[in-house]
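Working notes, structure below.
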Amino acid sequence: MKFCTYTLIDNSPDPISGVQLSTAERFQHVVRQAQWAEELGFDAYGVGERHAQRFISSSPPVVLSYIAAVTSRIRLLTTVTVLSLLDPVRVAEDYATLDQLSGGRLDIIIGKGNDPDQNALFGYDLDGQWDRNREKYELLRRLLRETGVTWSGSYRPDLVDATTQPRPFRPSGIPLWHGSASSTESTELAARFGDPLFSANGFHPLEKYAGLIRHYRERWEAYGHDPADAVVGAGFNGLYVKKTSQEAVAGYRPIFDAFMDSPGAKHNQLPFTTLEDFLDRGSVLVGSPEQVIDKFGRYQEAFGHELSGVSLEVPGLPEAESRASVETFVTDVLPVLRTSYPSRVWN
């Protein structure tokens, strides 16, 4: 199993203490976190993209380029690039530049996004998001793999014999993943083009995401790809590991209460009513090392995933406490999972 961590660079006040970092402080925290992730042995660090509300992650290629300069090994991810809003030519240029600067350490995860505010900011209605995402993906894929691209579509001017510069670091181009949260549109597109899938696995019970992954694998085979070649990643909605389950549950309870009151939880209409329900049916990894290993195993059996994503920070949890939890995870959980579940990702 390979492991990544990521951030959307939410700069809200801490939900429990009320403390809010300045924009500069928050960016420096992200950089230090990426360096720490490399020191801990994580395989990749991701920065998501948002353009509205409390997020300051509007320019992932800039943030990831800075991180590339202060790290040496860790891979860089976009989690996700909101392609439905962007010009694929600009995306190809920005990320090929980052790929060159990092020595080929970049993977791009694309998605349509679901925030009505950021759609309005770019002058788009929510209607047509999936069609924009599909068309722009098809163009981006060609621009990163081909030179002399001639293309015509509905959402940008035509291209004739176009070659974006710089070219990606590797002749094969930059690996492209599809982020999947709630719809078979993403799984269908990934399967059609034979690309890996990353399941958000965030706000709903296991079966919702397992169903989307089954759809991906079914459509993968229907498009004529070898079933053995399908690659899946999955995120987990929170991490808090203590030596005993009692300590973990007690420490996480105020975090859960604050989380359920957050804009993200309300927007996604979480179906959980209590902390116990959340721990039982949600993907959050809370408990003793043994409990976390067992729960992870249930998800891996359902998903067959080879890349896992966890956050290194828990909103509302003091930083020292969060770091201790992560270090326990890295020491007592991660080696077991790496050994138990093989991965072809980035081999």
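Chain identifiers are assigned as A, B, and so on, following the order in which chains appear in the structure tokens; residues are numbered from 1 within each chain, and ligands are numbered from 1 in order of appearance.
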Practice problem: Report as a PyMOL selection string: the residues of range 160-312 of chain A with a DSSP assignment of helix (DSSP H, G or I), based on the backbone of this structure. | Solution: chain A and resi 184-193+206-222+227-229+245-260+263-267+275-281+289-303
Which residues of range 257-299 of chain A come within 9 Å of range 325-347 of chain A, and for each one, what is the closest pair of atoms and their distance in Å to one decimal, counting only C-alpha atoms, sorted by chain and residue number, as CSV?
residue,atom,partner,partner_atom,distance
A:Pro289,CA,A:Val333,CA,5.7
A:Glu290,CA,A:Val333,CA,7.7
A:Val292,CA,A:Val333,CA,7.4
A:Ile293,CA,A:Val333,CA,6.3
A:Phe296,CA,A:Leu337,CA,8.2
A:Gly297,CA,A:Leu337,CA,8.4
Residues within 7 Å of range 311-319 of chain A, only C-alpha atoms, excluding chain neighbours under 5 positions, as an mmCIF file with C-alpha atoms, in the first residue's frame:
data_model
loop_
_atom_site.group_PDB
_atom_site.id
_atom_site.type_symbol
_atom_site.label_atom_id
_atom_site.label_comp_id
_atom_site.auth_asym_id
_atom_site.auth_seq_id
_atom_site.Cartn_x
_atom_site.Cartn_y
_atom_site.Cartn_z
ATOM 1 C CA THR A 5 -1.602 13.083 2.491
ATOM 2 C CA TYR A 6 -3.210 16.291 1.271
ATOM 3 C CA ASP A 14 -9.993 26.606 14.472
ATOM 4 C CA PRO A 15 -13.491 25.226 15.221
ATOM 5 C CA ILE A 16 -12.729 24.771 18.926
ATOM 6 C CA SER A 17 -10.107 27.360 19.903
ATOM 7 C CA GLY A 238 -9.942 11.775 9.437
ATOM 8 C CA LEU A 239 -7.182 10.143 11.451
ATOM 9 C CA ILE A 255 -13.774 17.070 17.076
ATOM 10 C CA VAL A 326 0.181 10.771 13.171
#
Quiz prompt | Selection near range 136-142 of chain A, 10 Å with only C-alpha atoms, sequence-local residues under 2 positions removed, as a VMD selection string | solution = chain A and resid 83 to 92 110 to 112 130 to 134 144 to 156 159 163 173 to 176 178 189 193
Quiz item: Near Arg54 in chain A, within 7 Å and counting only C-alpha atoms, which residues show up once chain neighbours fewer than 2 positions away are dropped, as a PyMOL selection string?
Solution: chain A and resi 10-12+52+56
C-alpha atoms of the current selection, written as a CSV table (one decimal), in the first residue's frame:
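The new file selection.csv reads:
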chain,number,residue,atom,x,y,z
A,10,ASP,CA,-8.9,25.7,4.5
A,11,ASN,CA,-8.0,28.9,6.4
A,12,SER,CA,-11.1,29.0,8.7
A,52,ALA,CA,-14.2,30.4,-3.0
A,56,ILE,CA,-6.9,29.7,-0.1
Practice problem: Might you pull out every residue within 12 Å of Tyr95 in chain A, with only C-alpha atoms counted and same-chain residues fewer than 2 positions away left off, and present them as a PyMOL selection string? | Solution: chain A and resi 59-65+76-78+81+88-93+97-102+104-109+140+143-144+164-169+173-176
Give me a file of those residues, with N, CA and C atoms, as a compact mmCIF listing (two decimals), in the first residue's frame.
# COMPACT_ATOMS: atom_id res chain seq x y z
N SER A 59 -4.37 28.24 -6.25
CA SER A 59 -3.24 28.08 -7.18
C SER A 59 -2.36 26.89 -6.78
N PRO A 60 -2.88 25.67 -6.90
CA PRO A 60 -2.06 24.50 -6.54
C PRO A 60 -0.72 24.41 -7.26
N PRO A 61 -0.61 24.76 -8.56
CA PRO A 61 0.71 24.63 -9.18
C PRO A 61 1.77 25.52 -8.54
N VAL A 62 1.34 26.68 -8.03
CA VAL A 62 2.29 27.57 -7.36
C VAL A 62 2.73 26.97 -6.03
N VAL A 63 1.75 26.52 -5.24
CA VAL A 63 2.07 25.93 -3.93
C VAL A 63 2.92 24.67 -4.10
N LEU A 64 2.55 23.81 -5.04
CA LEU A 64 3.30 22.57 -5.24
C LEU A 64 4.70 22.83 -5.79
N SER A 65 4.86 23.88 -6.57
CA SER A 65 6.21 24.22 -7.06
C SER A 65 7.11 24.63 -5.90
N LEU A 76 4.13 14.63 -5.85
CA LEU A 76 3.24 15.78 -5.74
C LEU A 76 1.93 15.46 -6.46
N LEU A 77 0.81 15.77 -5.80
CA LEU A 77 -0.50 15.47 -6.35
C LEU A 77 -1.36 16.72 -6.40
N THR A 78 -2.31 16.74 -7.32
CA THR A 78 -3.38 17.73 -7.29
C THR A 78 -4.64 17.00 -6.83
N THR A 81 -7.57 18.90 -9.31
CA THR A 81 -7.61 20.01 -10.24
C THR A 81 -9.03 20.14 -10.78
N PRO A 88 -7.73 23.99 -20.55
CA PRO A 88 -6.75 22.89 -20.59
C PRO A 88 -5.37 23.31 -21.10
N VAL A 89 -5.31 24.32 -21.97
CA VAL A 89 -4.00 24.79 -22.44
C VAL A 89 -3.20 25.36 -21.27
N ARG A 90 -3.83 26.19 -20.47
CA ARG A 90 -3.15 26.77 -19.30
C ARG A 90 -2.79 25.68 -18.29
N VAL A 91 -3.68 24.72 -18.09
CA VAL A 91 -3.40 23.63 -17.16
C VAL A 91 -2.18 22.83 -17.64
N ALA A 92 -2.15 22.52 -18.92
CA ALA A 92 -1.02 21.78 -19.48
C ALA A 92 0.30 22.54 -19.29
N GLU A 93 0.26 23.84 -19.52
CA GLU A 93 1.48 24.65 -19.38
C GLU A 93 1.94 24.71 -17.92
N THR A 97 5.27 22.66 -16.41
CA THR A 97 6.34 23.44 -15.77
C THR A 97 6.68 22.86 -14.40
N LEU A 98 5.66 22.61 -13.60
CA LEU A 98 5.87 22.00 -12.29
C LEU A 98 6.51 20.63 -12.41
N ASP A 99 6.07 19.85 -13.38
CA ASP A 99 6.64 18.52 -13.59
C ASP A 99 8.13 18.60 -13.90
N GLN A 100 8.50 19.57 -14.73
CA GLN A 100 9.92 19.75 -15.05
C GLN A 100 10.71 20.19 -13.81
N LEU A 101 10.19 21.17 -13.09
CA LEU A 101 10.90 21.67 -11.92
C LEU A 101 11.08 20.60 -10.84
N SER A 102 10.14 19.68 -10.75
CA SER A 102 10.19 18.65 -9.71
C SER A 102 10.90 17.39 -10.17
N GLY A 104 9.85 15.32 -12.56
CA GLY A 104 8.90 14.27 -12.90
C GLY A 104 8.18 13.67 -11.72
N ARG A 105 7.98 14.44 -10.66
CA ARG A 105 7.33 13.90 -9.46
C ARG A 105 5.82 14.15 -9.41
N LEU A 106 5.22 14.65 -10.48
CA LEU A 106 3.83 15.09 -10.43
C LEU A 106 2.85 14.05 -10.97
N ASP A 107 1.72 13.90 -10.27
CA ASP A 107 0.52 13.24 -10.79
C ASP A 107 -0.62 14.25 -10.69
N ILE A 108 -1.50 14.28 -11.68
CA ILE A 108 -2.67 15.16 -11.68
C ILE A 108 -3.91 14.32 -11.43
N ILE A 109 -4.71 14.72 -10.43
CA ILE A 109 -6.03 14.14 -10.23
C ILE A 109 -7.04 15.20 -10.64
N LEU A 140 -6.96 18.07 -22.48
CA LEU A 140 -5.77 18.07 -21.63
C LEU A 140 -4.95 16.80 -21.85
N LEU A 143 -2.98 17.20 -25.02
CA LEU A 143 -1.92 18.21 -24.93
C LEU A 143 -0.71 17.71 -24.15
N LEU A 144 -0.95 16.89 -23.13
CA LEU A 144 0.17 16.38 -22.32
C LEU A 144 0.89 15.20 -22.97
N THR A 164 1.85 22.67 -26.63
CA THR A 164 2.07 23.46 -25.42
C THR A 164 3.50 23.28 -24.93
N GLN A 165 4.02 24.32 -24.31
CA GLN A 165 5.38 24.32 -23.77
C GLN A 165 5.35 24.78 -22.33
N PRO A 166 6.23 24.21 -21.50
CA PRO A 166 7.15 23.12 -21.81
C PRO A 166 6.44 21.78 -21.93
N ARG A 167 7.15 20.80 -22.42
CA ARG A 167 6.62 19.45 -22.45
C ARG A 167 6.81 18.82 -21.07
N PRO A 168 6.03 17.81 -20.71
CA PRO A 168 6.24 17.13 -19.43
C PRO A 168 7.63 16.52 -19.33
N PHE A 169 8.05 16.27 -18.10
CA PHE A 169 9.39 15.75 -17.85
C PHE A 169 9.59 14.38 -18.50
N GLY A 173 4.30 11.59 -20.63
CA GLY A 173 3.41 12.61 -20.11
C GLY A 173 3.26 12.51 -18.60
N ILE A 174 2.31 13.26 -18.05
CA ILE A 174 2.06 13.29 -16.61
C ILE A 174 0.92 12.32 -16.30
N PRO A 175 1.09 11.43 -15.32
CA PRO A 175 -0.02 10.52 -14.97
C PRO A 175 -1.27 11.30 -14.59
N LEU A 176 -2.40 10.84 -15.12
CA LEU A 176 -3.70 11.48 -14.88
C LEU A 176 -4.62 10.51 -14.16
Give me the residues within 12 Å of Gln28 in chain A as a compact mmCIF listing (two decimals) with N, CA, C and O atoms, in the first residue's frame, counting only C-alpha atoms and dropping any in the same chain fewer than 4 places off.
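Output below, filename result-v4.txt:
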# COMPACT_ATOMS: atom_id res chain seq x y z
N ILE A 9 -6.19 23.54 2.05
CA ILE A 9 -5.77 24.82 2.61
C ILE A 9 -6.99 25.64 3.05
O ILE A 9 -7.20 26.78 2.62
N LEU A 21 -5.01 31.48 11.59
CA LEU A 21 -3.70 31.88 11.09
C LEU A 21 -3.86 32.96 10.03
O LEU A 21 -4.89 33.03 9.35
N SER A 22 -2.83 33.78 9.87
CA SER A 22 -2.81 34.69 8.73
C SER A 22 -2.61 33.85 7.47
O SER A 22 -2.22 32.68 7.52
N THR A 23 -2.88 34.45 6.32
CA THR A 23 -2.69 33.73 5.06
C THR A 23 -1.26 33.26 4.91
O THR A 23 -0.99 32.11 4.53
N ALA A 24 -0.29 34.13 5.22
CA ALA A 24 1.12 33.74 5.11
C ALA A 24 1.45 32.60 6.06
O ALA A 24 2.18 31.66 5.68
N ARG A 32 5.65 23.32 5.66
CA ARG A 32 6.27 22.51 6.71
C ARG A 32 5.62 21.13 6.80
O ARG A 32 6.29 20.12 7.05
N GLN A 33 4.31 21.09 6.60
CA GLN A 33 3.60 19.82 6.65
C GLN A 33 4.08 18.89 5.53
O GLN A 33 4.26 17.68 5.75
N ALA A 34 4.29 19.42 4.34
CA ALA A 34 4.78 18.61 3.23
C ALA A 34 6.18 18.08 3.52
O ALA A 34 6.49 16.91 3.24
N GLN A 35 7.02 18.92 4.10
CA GLN A 35 8.36 18.46 4.47
C GLN A 35 8.29 17.36 5.54
O GLN A 35 9.03 16.38 5.48
N VAL A 63 1.75 26.52 -5.24
CA VAL A 63 2.07 25.93 -3.93
C VAL A 63 2.92 24.67 -4.10
O VAL A 63 3.93 24.48 -3.40
N TYR A 66 6.56 25.39 -4.95
CA TYR A 66 7.32 25.76 -3.77
C TYR A 66 7.70 24.51 -2.98
O TYR A 66 8.84 24.34 -2.54
N ILE A 67 6.72 23.61 -2.81
CA ILE A 67 6.99 22.37 -2.08
C ILE A 67 8.03 21.54 -2.80
O ILE A 67 8.91 20.93 -2.16
N VAL A 70 11.54 22.46 -1.83
CA VAL A 70 12.03 22.22 -0.46
C VAL A 70 11.89 20.75 -0.06
O VAL A 70 12.06 20.40 1.10
Quiz item: What does the distance between CA of Asp127 in chain A and CA of Asp195 in chain A come to in Å, to one decimal place?
Solution: 25.2 Å
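If only C-alpha atoms are the atoms counted, then among A:Gly287, A:Gly282, A:Gly202, A:Arg214 the closest residue to Thr244 in chain A is A:Gly287.
Closest approach to Asp117 in chain A among A:Ser72, A:Tyr299, A:Phe55, A:Gly235: A:Phe55, based on only C-alpha atoms.
Straight-line separation from CA of Cys4 in chain A to CA of Ala228 in chain A: 22.6 Å.
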Quiz item: Tell me, which residues of range 111-319 of chain A carry DSSP strand (DSSP E), written as a ChimeraX atom specification?
Solution: /A:111,149-151,159-162,176-180,197-199,232-235,239-241,285-287,307-309
Got time to write the residues from that selection, N, CA and C atoms, as a PDB file, in the first residue's frame?
ATOM      1  N   GLY A 111     -11.051  16.624 -11.513  1.00  0.00           N
ATOM      2  CA  GLY A 111     -12.435  16.468 -11.091  1.00  0.00           C
ATOM      3  C   GLY A 111     -13.242  17.673 -11.508  1.00  0.00           C
ATOM      4  N   VAL A 149      -1.339  19.349 -31.878  1.00  0.00           N
ATOM      5  CA  VAL A 149      -2.730  18.961 -31.626  1.00  0.00           C
ATOM      6  C   VAL A 149      -3.694  19.871 -32.391  1.00  0.00           C
ATOM      7  N   THR A 150      -4.539  19.255 -33.181  1.00  0.00           N
ATOM      8  CA  THR A 150      -5.632  19.968 -33.832  1.00  0.00           C
ATOM      9  C   THR A 150      -6.936  19.493 -33.191  1.00  0.00           C
ATOM     10  N   TRP A 151      -7.753  20.465 -32.763  1.00  0.00           N
ATOM     11  CA  TRP A 151      -8.893  20.098 -31.902  1.00  0.00           C
ATOM     12  C   TRP A 151      -9.998  21.139 -32.038  1.00  0.00           C
ATOM     13  N   LEU A 159      -8.109  24.615 -31.796  1.00  0.00           N
ATOM     14  CA  LEU A 159      -6.652  24.576 -31.870  1.00  0.00           C
ATOM     15  C   LEU A 159      -6.243  23.954 -33.203  1.00  0.00           C
ATOM     16  N   VAL A 160      -5.189  24.478 -33.787  1.00  0.00           N
ATOM     17  CA  VAL A 160      -4.651  23.941 -35.026  1.00  0.00           C
ATOM     18  C   VAL A 160      -3.152  23.739 -34.855  1.00  0.00           C
ATOM     19  N   ASP A 161      -2.723  22.483 -34.918  1.00  0.00           N
ATOM     20  CA  ASP A 161      -1.298  22.144 -34.840  1.00  0.00           C
ATOM     21  C   ASP A 161      -0.642  22.770 -33.603  1.00  0.00           C
ATOM     22  N   ALA A 162      -1.293  22.628 -32.453  1.00  0.00           N
ATOM     23  CA  ALA A 162      -0.833  23.281 -31.219  1.00  0.00           C
ATOM     24  C   ALA A 162       0.059  22.359 -30.400  1.00  0.00           C
ATOM     25  N   LEU A 176      -2.404  10.841 -15.122  1.00  0.00           N
ATOM     26  CA  LEU A 176      -3.696  11.478 -14.879  1.00  0.00           C
ATOM     27  C   LEU A 176      -4.624  10.507 -14.160  1.00  0.00           C
ATOM     28  N   TRP A 177      -5.186  10.959 -13.027  1.00  0.00           N
ATOM     29  CA  TRP A 177      -6.169  10.213 -12.265  1.00  0.00           C
ATOM     30  C   TRP A 177      -7.503  10.951 -12.347  1.00  0.00           C
ATOM     31  N   HIS A 178      -8.565  10.244 -11.969  1.00  0.00           N
ATOM     32  CA  HIS A 178      -9.884  10.862 -11.899  1.00  0.00           C
ATOM     33  C   HIS A 178     -10.389  10.799 -10.467  1.00  0.00           C
ATOM     34  N   GLY A 179     -10.705  11.981  -9.919  1.00  0.00           N
ATOM     35  CA  GLY A 179     -11.273  12.030  -8.584  1.00  0.00           C
ATOM     36  C   GLY A 179     -12.757  11.732  -8.628  1.00  0.00           C
ATOM     37  N   SER A 180     -13.201  10.827  -7.766  1.00  0.00           N
ATOM     38  CA  SER A 180     -14.601  10.402  -7.762  1.00  0.00           C
ATOM     39  C   SER A 180     -15.189  10.610  -6.379  1.00  0.00           C
ATOM     40  N   LEU A 197      -8.349   5.628 -10.702  1.00  0.00           N
ATOM     41  CA  LEU A 197      -9.449   6.316 -10.033  1.00  0.00           C
ATOM     42  C   LEU A 197      -9.079   6.566  -8.579  1.00  0.00           C
ATOM     43  N   PHE A 198      -9.382   7.767  -8.085  1.00  0.00           N
ATOM     44  CA  PHE A 198      -9.195   8.050  -6.658  1.00  0.00           C
ATOM     45  C   PHE A 198     -10.557   8.389  -6.063  1.00  0.00           C
ATOM     46  N   SER A 199     -11.021   7.547  -5.142  1.00  0.00           N
ATOM     47  CA  SER A 199     -12.312   7.744  -4.500  1.00  0.00           C
ATOM     48  C   SER A 199     -12.164   8.675  -3.307  1.00  0.00           C
ATOM     49  N   VAL A 232      -6.938   1.730  -8.170  1.00  0.00           N
ATOM     50  CA  VAL A 232      -7.841   2.543  -7.362  1.00  0.00           C
ATOM     51  C   VAL A 232      -7.100   3.117  -6.164  1.00  0.00           C
ATOM     52  N   GLY A 233      -7.383   4.370  -5.846  1.00  0.00           N
ATOM     53  CA  GLY A 233      -6.946   4.995  -4.601  1.00  0.00           C
ATOM     54  C   GLY A 233      -8.171   5.401  -3.796  1.00  0.00           C
ATOM     55  N   ALA A 234      -7.983   5.629  -2.499  1.00  0.00           N
ATOM     56  CA  ALA A 234      -9.108   6.022  -1.649  1.00  0.00           C
ATOM     57  C   ALA A 234      -8.624   6.899  -0.509  1.00  0.00           C
ATOM     58  N   GLY A 235      -9.381   7.949  -0.231  1.00  0.00           N
ATOM     59  CA  GLY A 235      -9.099   8.794   0.920  1.00  0.00           C
ATOM     60  C   GLY A 235      -9.841   8.300   2.148  1.00  0.00           C
ATOM     61  N   LEU A 239      -8.128  11.075  10.849  1.00  0.00           N
ATOM     62  CA  LEU A 239      -7.182  10.143  11.451  1.00  0.00           C
ATOM     63  C   LEU A 239      -6.898  10.576  12.879  1.00  0.00           C
ATOM     64  N   TYR A 240      -7.158   9.652  13.811  1.00  0.00           N
ATOM     65  CA  TYR A 240      -6.830   9.935  15.211  1.00  0.00           C
ATOM     66  C   TYR A 240      -6.538   8.599  15.891  1.00  0.00           C
ATOM     67  N   VAL A 241      -5.271   8.347  16.142  1.00  0.00           N
ATOM     68  CA  VAL A 241      -4.836   7.060  16.683  1.00  0.00           C
ATOM     69  C   VAL A 241      -4.238   7.270  18.068  1.00  0.00           C
ATOM     70  N   LEU A 285     -10.630   7.096  10.522  1.00  0.00           N
ATOM     71  CA  LEU A 285      -9.771   6.106  11.173  1.00  0.00           C
ATOM     72  C   LEU A 285      -9.475   6.584  12.589  1.00  0.00           C
ATOM     73  N   VAL A 286     -10.302   6.180  13.535  1.00  0.00           N
ATOM     74  CA  VAL A 286     -10.185   6.598  14.926  1.00  0.00           C
ATOM     75  C   VAL A 286     -10.183   5.357  15.805  1.00  0.00           C
ATOM     76  N   GLY A 287      -9.181   5.258  16.677  1.00  0.00           N
ATOM     77  CA  GLY A 287      -9.131   4.121  17.580  1.00  0.00           C
ATOM     78  C   GLY A 287      -7.718   3.747  17.925  1.00  0.00           C
ATOM     79  N   LEU A 307      -3.629   2.831  -3.192  1.00  0.00           N
ATOM     80  CA  LEU A 307      -3.151   4.119  -2.687  1.00  0.00           C
ATOM     81  C   LEU A 307      -4.173   4.626  -1.685  1.00  0.00           C
ATOM     82  N   SER A 308      -3.702   5.037  -0.510  1.00  0.00           N
ATOM     83  CA  SER A 308      -4.593   5.551   0.528  1.00  0.00           C
ATOM     84  C   SER A 308      -4.196   6.970   0.893  1.00  0.00           C
ATOM     85  N   GLY A 309      -5.202   7.796   1.166  1.00  0.00           N
ATOM     86  CA  GLY A 309      -4.962   9.176   1.556  1.00  0.00           C
ATOM     87  C   GLY A 309      -5.487   9.470   2.944  1.00  0.00           C
TER      88      GLY A 309
END
